[in-house]
Amino acid sequence: MGRIGDAAHRSGREPEAIRLVGVSKTVGVERLAAAVAAGLTTLGENRVQEASPKVAAFPDAEWHLVGQLQGNKAGRAIELFSLIQSVDSMSLAERLSRIADTRHVRILLQVNIDADPAKAGFSATDLDAHLGRLLELPGLRVDGLMTVGRLVERPEDARSTFVALRRLSESLQARHGALGGALSMGMSDDFEVAVEEGATIVRGGRALFGDRPTIA
Ligand SMILES: *Cc1c(COP(=O)(O)O)cnc(C)c1O
């Protein structure tokens, strides 16, 4: 997407440093095929069940889980996804570590940076408290942080959220060498602002695939 490149250049970044994940929930295999043919290499789903047939249809794509993961689906998630972006609790991290076996399960830690009661994720304070122990869990590789921002009226209103996640990442990385620097932030309405503030992964659904059907 040219708009990612433009936003990268505006902020003096290399467009190659930003990965676009096409979040394909509710999108059928036919539409996905068109996007993959057009060059989309990374796809995201927020449910294990919905992802299963799509991963089978596009095994060469890189698949990311971006939605809440129930502990009992953790094993299946490890099989399907190469990055689990939505690890939102110590207990889920421990569970993934237990079943990781000899694999290295790549994860991001989801942070509820706006302290929104409707959103999942570690609070910044909890993450600070637990991170040392979490990074010592065997079988996990913690690539970085992820957040789902508030719904905002104007993209600009999301900037403070993205700045807060970047600063949290910087301060945690300064104390924990094992924490990766990936920042997954920004969705269809605000990904350009996220890129300007340092996103390395942006998650686009509607901007790529059109509006999702509304649930009646
Ligand atoms: C649906 C979803 C997206 C994509 O949302 P759009 O607003 O359609 O870009 C991104 N991240 C997560 C976690 C999602 O659930």
# chains A, B, ... in the order shown; residues from 1 in each chain; ligands from 1
call {"tool": "select_by_dssp", "arguments": {"residues": "stretch 5-186 of chain A", "states": "strand (DSSP E or B)", "output": "number ranges by chain"}}
result
A: 19-23, 42-45, 62-65, 83-87, 105-111, 122, 140-146, 182-184
call {"tool": "residues_near_ligand", "arguments": {"ligand": "ligand 1", "cutoff": "10 Å", "atoms": "only C-alpha atoms and all ligand atoms", "output": "PDB file with N, CA and C atoms, in the first residue's frame"}}
result
ATOM      1  N   VAL A  21      -0.355  -6.337   7.817  1.00  0.00           N
ATOM      2  CA  VAL A  21      -1.112  -7.577   8.021  1.00  0.00           C
ATOM      3  C   VAL A  21      -2.543  -7.336   7.547  1.00  0.00           C
ATOM      4  N   GLY A  22      -2.989  -8.124   6.607  1.00  0.00           N
ATOM      5  CA  GLY A  22      -4.375  -8.018   6.135  1.00  0.00           C
ATOM      6  C   GLY A  22      -5.279  -8.832   7.041  1.00  0.00           C
ATOM      7  N   VAL A  23      -6.075  -8.140   7.823  1.00  0.00           N
ATOM      8  CA  VAL A  23      -6.943  -8.851   8.778  1.00  0.00           C
ATOM      9  C   VAL A  23      -8.204  -9.294   8.037  1.00  0.00           C
ATOM     10  N   SER A  24      -8.323 -10.613   7.876  1.00  0.00           N
ATOM     11  CA  SER A  24      -9.280 -11.149   6.905  1.00  0.00           C
ATOM     12  C   SER A  24     -10.543 -11.717   7.544  1.00  0.00           C
ATOM     13  N   LYS A  25     -10.809 -11.355   8.795  1.00  0.00           N
ATOM     14  CA  LYS A  25     -12.039 -11.877   9.416  1.00  0.00           C
ATOM     15  C   LYS A  25     -13.258 -11.498   8.575  1.00  0.00           C
ATOM     16  N   THR A  26     -14.175 -12.417   8.440  1.00  0.00           N
ATOM     17  CA  THR A  26     -15.408 -12.304   7.627  1.00  0.00           C
ATOM     18  C   THR A  26     -15.146 -12.277   6.111  1.00  0.00           C
ATOM     19  N   GLY A  44      -4.056 -11.898   8.849  1.00  0.00           N
ATOM     20  CA  GLY A  44      -4.384 -12.015  10.265  1.00  0.00           C
ATOM     21  C   GLY A  44      -5.824 -12.429  10.459  1.00  0.00           C
ATOM     22  N   GLU A  45      -6.044 -13.159  11.539  1.00  0.00           N
ATOM     23  CA  GLU A  45      -7.413 -13.559  11.899  1.00  0.00           C
ATOM     24  C   GLU A  45      -7.559 -13.359  13.390  1.00  0.00           C
ATOM     25  N   ASN A  46      -8.803 -13.141  13.847  1.00  0.00           N
ATOM     26  CA  ASN A  46      -8.919 -13.056  15.298  1.00  0.00           C
ATOM     27  C   ASN A  46      -9.593 -14.252  15.945  1.00  0.00           C
ATOM     28  N   ARG A  47      -9.918 -15.264  15.154  1.00  0.00           N
ATOM     29  CA  ARG A  47     -10.423 -16.506  15.759  1.00  0.00           C
ATOM     30  C   ARG A  47      -9.744 -17.720  15.150  1.00  0.00           C
ATOM     31  N   LEU A  65      -2.237 -14.355  14.559  1.00  0.00           N
ATOM     32  CA  LEU A  65      -3.452 -14.274  15.370  1.00  0.00           C
ATOM     33  C   LEU A  65      -3.494 -12.894  16.029  1.00  0.00           C
ATOM     34  N   VAL A  66      -4.616 -12.185  15.833  1.00  0.00           N
ATOM     35  CA  VAL A  66      -4.709 -10.836  16.395  1.00  0.00           C
ATOM     36  C   VAL A  66      -5.850 -10.698  17.407  1.00  0.00           C
ATOM     37  N   GLY A  67      -6.610 -11.784  17.638  1.00  0.00           N
ATOM     38  CA  GLY A  67      -7.737 -11.708  18.563  1.00  0.00           C
ATOM     39  C   GLY A  67      -7.488 -12.549  19.804  1.00  0.00           C
ATOM     40  N   GLN A  68      -8.370 -12.387  20.777  1.00  0.00           N
ATOM     41  CA  GLN A  68      -8.194 -13.049  22.066  1.00  0.00           C
ATOM     42  C   GLN A  68      -8.143 -14.576  21.909  1.00  0.00           C
ATOM     43  N   GLN A  85      -0.144 -12.367  18.151  1.00  0.00           N
ATOM     44  CA  GLN A  85       0.029 -10.960  18.526  1.00  0.00           C
ATOM     45  C   GLN A  85      -0.709 -10.598  19.807  1.00  0.00           C
ATOM     46  N   SER A  86      -1.610 -11.487  20.242  1.00  0.00           N
ATOM     47  CA  SER A  86      -2.589 -11.096  21.250  1.00  0.00           C
ATOM     48  C   SER A  86      -2.415 -11.829  22.579  1.00  0.00           C
ATOM     49  N   GLN A 110       0.029  -8.075  24.195  1.00  0.00           N
ATOM     50  CA  GLN A 110      -0.990  -7.052  23.959  1.00  0.00           C
ATOM     51  C   GLN A 110      -1.126  -6.166  25.188  1.00  0.00           C
ATOM     52  N   MET A 146       1.876  -5.066  21.204  1.00  0.00           N
ATOM     53  CA  MET A 146       0.750  -4.797  20.318  1.00  0.00           C
ATOM     54  C   MET A 146      -0.326  -4.066  21.111  1.00  0.00           C
ATOM     55  N   THR A 147      -1.050  -3.188  20.439  1.00  0.00           N
ATOM     56  CA  THR A 147      -2.217  -2.603  21.101  1.00  0.00           C
ATOM     57  C   THR A 147      -3.350  -2.431  20.111  1.00  0.00           C
ATOM     58  N   VAL A 148      -4.566  -2.496  20.636  1.00  0.00           N
ATOM     59  CA  VAL A 148      -5.758  -2.157  19.864  1.00  0.00           C
ATOM     60  C   VAL A 148      -6.234  -0.821  20.418  1.00  0.00           C
ATOM     61  N   GLY A 149      -6.125   0.214  19.595  1.00  0.00           N
ATOM     62  CA  GLY A 149      -6.453   1.555  20.073  1.00  0.00           C
ATOM     63  C   GLY A 149      -7.951   1.764  20.242  1.00  0.00           C
ATOM     64  N   LEU A 151     -11.576   3.531  19.551  1.00  0.00           N
ATOM     65  CA  LEU A 151     -12.204   4.065  18.343  1.00  0.00           C
ATOM     66  C   LEU A 151     -12.074   5.579  18.420  1.00  0.00           C
ATOM     67  N   SER A 184       3.087  -3.448  17.039  1.00  0.00           N
ATOM     68  CA  SER A 184       1.914  -3.651  16.196  1.00  0.00           C
ATOM     69  C   SER A 184       0.840  -2.695  16.644  1.00  0.00           C
ATOM     70  N   MET A 185       0.618  -1.656  15.841  1.00  0.00           N
ATOM     71  CA  MET A 185      -0.387  -0.655  16.210  1.00  0.00           C
ATOM     72  C   MET A 185      -0.874   0.048  14.953  1.00  0.00           C
ATOM     73  N   GLY A 186      -2.151   0.442  14.997  1.00  0.00           N
ATOM     74  CA  GLY A 186      -2.763   1.107  13.854  1.00  0.00           C
ATOM     75  C   GLY A 186      -3.623   0.139  13.064  1.00  0.00           C
ATOM     76  N   MET A 187      -4.819   0.606  12.712  1.00  0.00           N
ATOM     77  CA  MET A 187      -5.746  -0.172  11.904  1.00  0.00           C
ATOM     78  C   MET A 187      -6.200   0.719  10.731  1.00  0.00           C
ATOM     79  N   SER A 188      -7.245   0.306  10.029  1.00  0.00           N
ATOM     80  CA  SER A 188      -7.598   0.993   8.782  1.00  0.00           C
ATOM     81  C   SER A 188      -7.730   2.511   8.916  1.00  0.00           C
ATOM     82  N   ASP A 189      -8.294   2.975  10.038  1.00  0.00           N
ATOM     83  CA  ASP A 189      -8.588   4.407  10.139  1.00  0.00           C
ATOM     84  C   ASP A 189      -7.402   5.248  10.593  1.00  0.00           C
ATOM     85  N   ASP A 190      -6.376   4.610  11.140  1.00  0.00           N
ATOM     86  CA  ASP A 190      -5.316   5.426  11.742  1.00  0.00           C
ATOM     87  C   ASP A 190      -3.901   4.873  11.516  1.00  0.00           C
ATOM     88  N   PHE A 191      -3.744   3.997  10.506  1.00  0.00           N
ATOM     89  CA  PHE A 191      -2.434   3.338  10.351  1.00  0.00           C
ATOM     90  C   PHE A 191      -1.341   4.322   9.950  1.00  0.00           C
ATOM     91  N   VAL A 202       1.308  -2.905  10.927  1.00  0.00           N
ATOM     92  CA  VAL A 202      -0.023  -2.297  10.953  1.00  0.00           C
ATOM     93  C   VAL A 202      -1.027  -3.351  10.506  1.00  0.00           C
ATOM     94  N   ARG A 203      -2.216  -3.292  11.090  1.00  0.00           N
ATOM     95  CA  ARG A 203      -3.242  -4.303  10.829  1.00  0.00           C
ATOM     96  C   ARG A 203      -4.406  -3.656  10.096  1.00  0.00           C
ATOM     97  N   GLY A 204      -4.582  -4.010   8.852  1.00  0.00           N
ATOM     98  CA  GLY A 204      -5.635  -3.398   8.052  1.00  0.00           C
ATOM     99  C   GLY A 204      -6.688  -4.418   7.661  1.00  0.00           C
ATOM    100  N   GLY A 205      -7.926  -4.100   7.941  1.00  0.00           N
ATOM    101  CA  GLY A 205      -9.035  -4.935   7.500  1.00  0.00           C
ATOM    102  C   GLY A 205      -9.823  -4.216   6.414  1.00  0.00           C
ATOM    103  N   ARG A 206     -10.659  -3.282   6.835  1.00  0.00           N
ATOM    104  CA  ARG A 206     -11.561  -2.599   5.891  1.00  0.00           C
ATOM    105  C   ARG A 206     -10.811  -1.841   4.789  1.00  0.00           C
ATOM    106  N   ALA A 207      -9.653  -1.290   5.114  1.00  0.00           N
ATOM    107  CA  ALA A 207      -8.922  -0.525   4.103  1.00  0.00           C
ATOM    108  C   ALA A 207      -8.476  -1.416   2.950  1.00  0.00           C
ATOM    109  N   LEU A 208      -8.368  -2.723   3.211  1.00  0.00           N
ATOM    110  CA  LEU A 208      -7.930  -3.658   2.166  1.00  0.00           C
ATOM    111  C   LEU A 208      -9.099  -4.401   1.535  1.00  0.00           C
ATOM    112  N   PHE A 209     -10.035  -4.810   2.375  1.00  0.00           N
ATOM    113  CA  PHE A 209     -11.068  -5.736   1.903  1.00  0.00           C
ATOM    114  C   PHE A 209     -12.449  -5.100   1.818  1.00  0.00           C
ATOM    115  N   GLY A 210     -12.574  -3.837   2.200  1.00  0.00           N
ATOM    116  CA  GLY A 210     -13.885  -3.198   2.213  1.00  0.00           C
ATOM    117  C   GLY A 210     -14.594  -3.424   3.533  1.00  0.00           C
ATOM    118  N   ASP A 211     -15.750  -2.773   3.694  1.00  0.00           N
ATOM    119  CA  ASP A 211     -16.465  -2.857   4.968  1.00  0.00           C
ATOM    120  C   ASP A 211     -16.910  -4.281   5.267  1.00  0.00           C
ATOM    121  N   ARG A 212     -16.867  -4.613   6.548  1.00  0.00           N
ATOM    122  CA  ARG A 212     -17.375  -5.919   6.971  1.00  0.00           C
ATOM    123  C   ARG A 212     -18.893  -5.851   7.084  1.00  0.00           C
TER     124      ARG A 212
END
call {"tool": "atom_distance", "arguments": {"atom1": "atom CA of A:Trp63", "atom2": "atom CA of A:Phe81"}}
result
5.0 Å
call {"tool": "closest_residue", "arguments": {"among": "A:Ile84, A:Phe58, A:Leu183, A:Ala124", "to": "A:Ala37", "atoms": "only C-alpha atoms"}}
result
A:Phe58
call {"tool": "residues_around", "arguments": {"residues": "stretch 90-101 of chain A", "least_positions_apart": "3", "cutoff": "9 Å", "atoms": "only C-alpha atoms", "output": "list of chain:residue names"}}
result
A:Leu69, A:Gln70, A:Gly71, A:Ala74, A:Gly75, A:Ile78, A:Val87, A:His104, A:Val105, A:Ile107, A:Leu109, A:Phe122, A:Leu127, A:His130, A:Leu131, A:Leu134, A:Leu137, A:Pro138, A:Gly139, A:Leu140
call {"tool": "write_last_selection", "arguments": {"atoms": "C-alpha atoms", "output": "PDB file, in the first residue's frame"}}
result
ATOM      1  CA  LEU A  69      -6.974 -16.617  22.489  1.00  0.00           C
ATOM      2  CA  GLN A  70      -8.699 -19.037  24.848  1.00  0.00           C
ATOM      3  CA  GLY A  71      -6.318 -21.321  26.661  1.00  0.00           C
ATOM      4  CA  ALA A  74      -3.573 -22.514  22.388  1.00  0.00           C
ATOM      5  CA  GLY A  75      -2.277 -25.756  20.874  1.00  0.00           C
ATOM      6  CA  ILE A  78       0.567 -22.643  17.643  1.00  0.00           C
ATOM      7  CA  VAL A  87      -0.954 -12.624  24.326  1.00  0.00           C
ATOM      8  CA  HIS A 104       9.989 -21.267  19.463  1.00  0.00           C
ATOM      9  CA  VAL A 105       6.577 -19.679  19.626  1.00  0.00           C
ATOM     10  CA  ILE A 107       4.444 -13.745  20.384  1.00  0.00           C
ATOM     11  CA  LEU A 109       2.298  -8.884  24.286  1.00  0.00           C
ATOM     12  CA  PHE A 122      -1.848  -6.133  30.083  1.00  0.00           C
ATOM     13  CA  LEU A 127       3.436  -5.669  32.185  1.00  0.00           C
ATOM     14  CA  HIS A 130       5.547  -9.431  35.104  1.00  0.00           C
ATOM     15  CA  LEU A 131       7.859  -8.913  32.150  1.00  0.00           C
ATOM     16  CA  LEU A 134       7.582 -13.716  31.274  1.00  0.00           C
ATOM     17  CA  LEU A 137       9.560 -18.673  30.054  1.00  0.00           C
ATOM     18  CA  PRO A 138      11.079 -21.345  27.807  1.00  0.00           C
ATOM     19  CA  GLY A 139       9.816 -21.821  24.279  1.00  0.00           C
ATOM     20  CA  LEU A 140       8.642 -18.252  23.740  1.00  0.00           C
TER      21      LEU A 140
END
call {"tool": "atom_distance", "arguments": {"atom1": "atom CA of A:Ala120", "atom2": "atom CA of A:Ser11"}}
result
29.6 Å
call {"tool": "residues_around", "arguments": {"residues": "A:Ile4", "least_positions_apart": "4", "cutoff": "7 Å", "atoms": "only C-alpha atoms", "output": "mmCIF file with N, CA and C atoms, in the first residue's frame"}}
result
data_model
loop_
_atom_site.group_PDB
_atom_site.id
_atom_site.type_symbol
_atom_site.label_atom_id
_atom_site.label_comp_id
_atom_site.auth_asym_id
_atom_site.auth_seq_id
_atom_site.Cartn_x
_atom_site.Cartn_y
_atom_site.Cartn_z
ATOM 1 N N ALA A 8 5.745 6.506 5.957
ATOM 2 C CA ALA A 8 7.099 6.178 6.392
ATOM 3 C C ALA A 8 8.059 7.289 5.974
ATOM 4 N N PRO A 15 10.130 2.287 4.319
ATOM 5 C CA PRO A 15 8.859 1.549 4.178
ATOM 6 C C PRO A 15 9.023 0.053 4.432
ATOM 7 N N GLU A 192 -1.721 5.402 9.245
ATOM 8 C CA GLU A 192 -0.666 6.345 8.836
ATOM 9 C C GLU A 192 -0.053 7.044 10.048
#
call {"tool": "atom_distance", "arguments": {"atom1": "atom CA of A:Ala118", "atom2": "atom CA of A:Val195"}}
result
24.7 Å
call {"tool": "select_by_dssp", "arguments": {"residues": "stretch 110-163 of chain A", "states": "helix (DSSP H, G or I)", "output": "PyMOL selection string"}}
result
chain A and resi 124-135+155-163
call {"tool": "closest_residue", "arguments": {"among": "A:Glu136, A:Asp126, A:Glu156, A:Glu30", "to": "A:Leu179", "atoms": "only C-alpha atoms"}}
result
A:Glu136
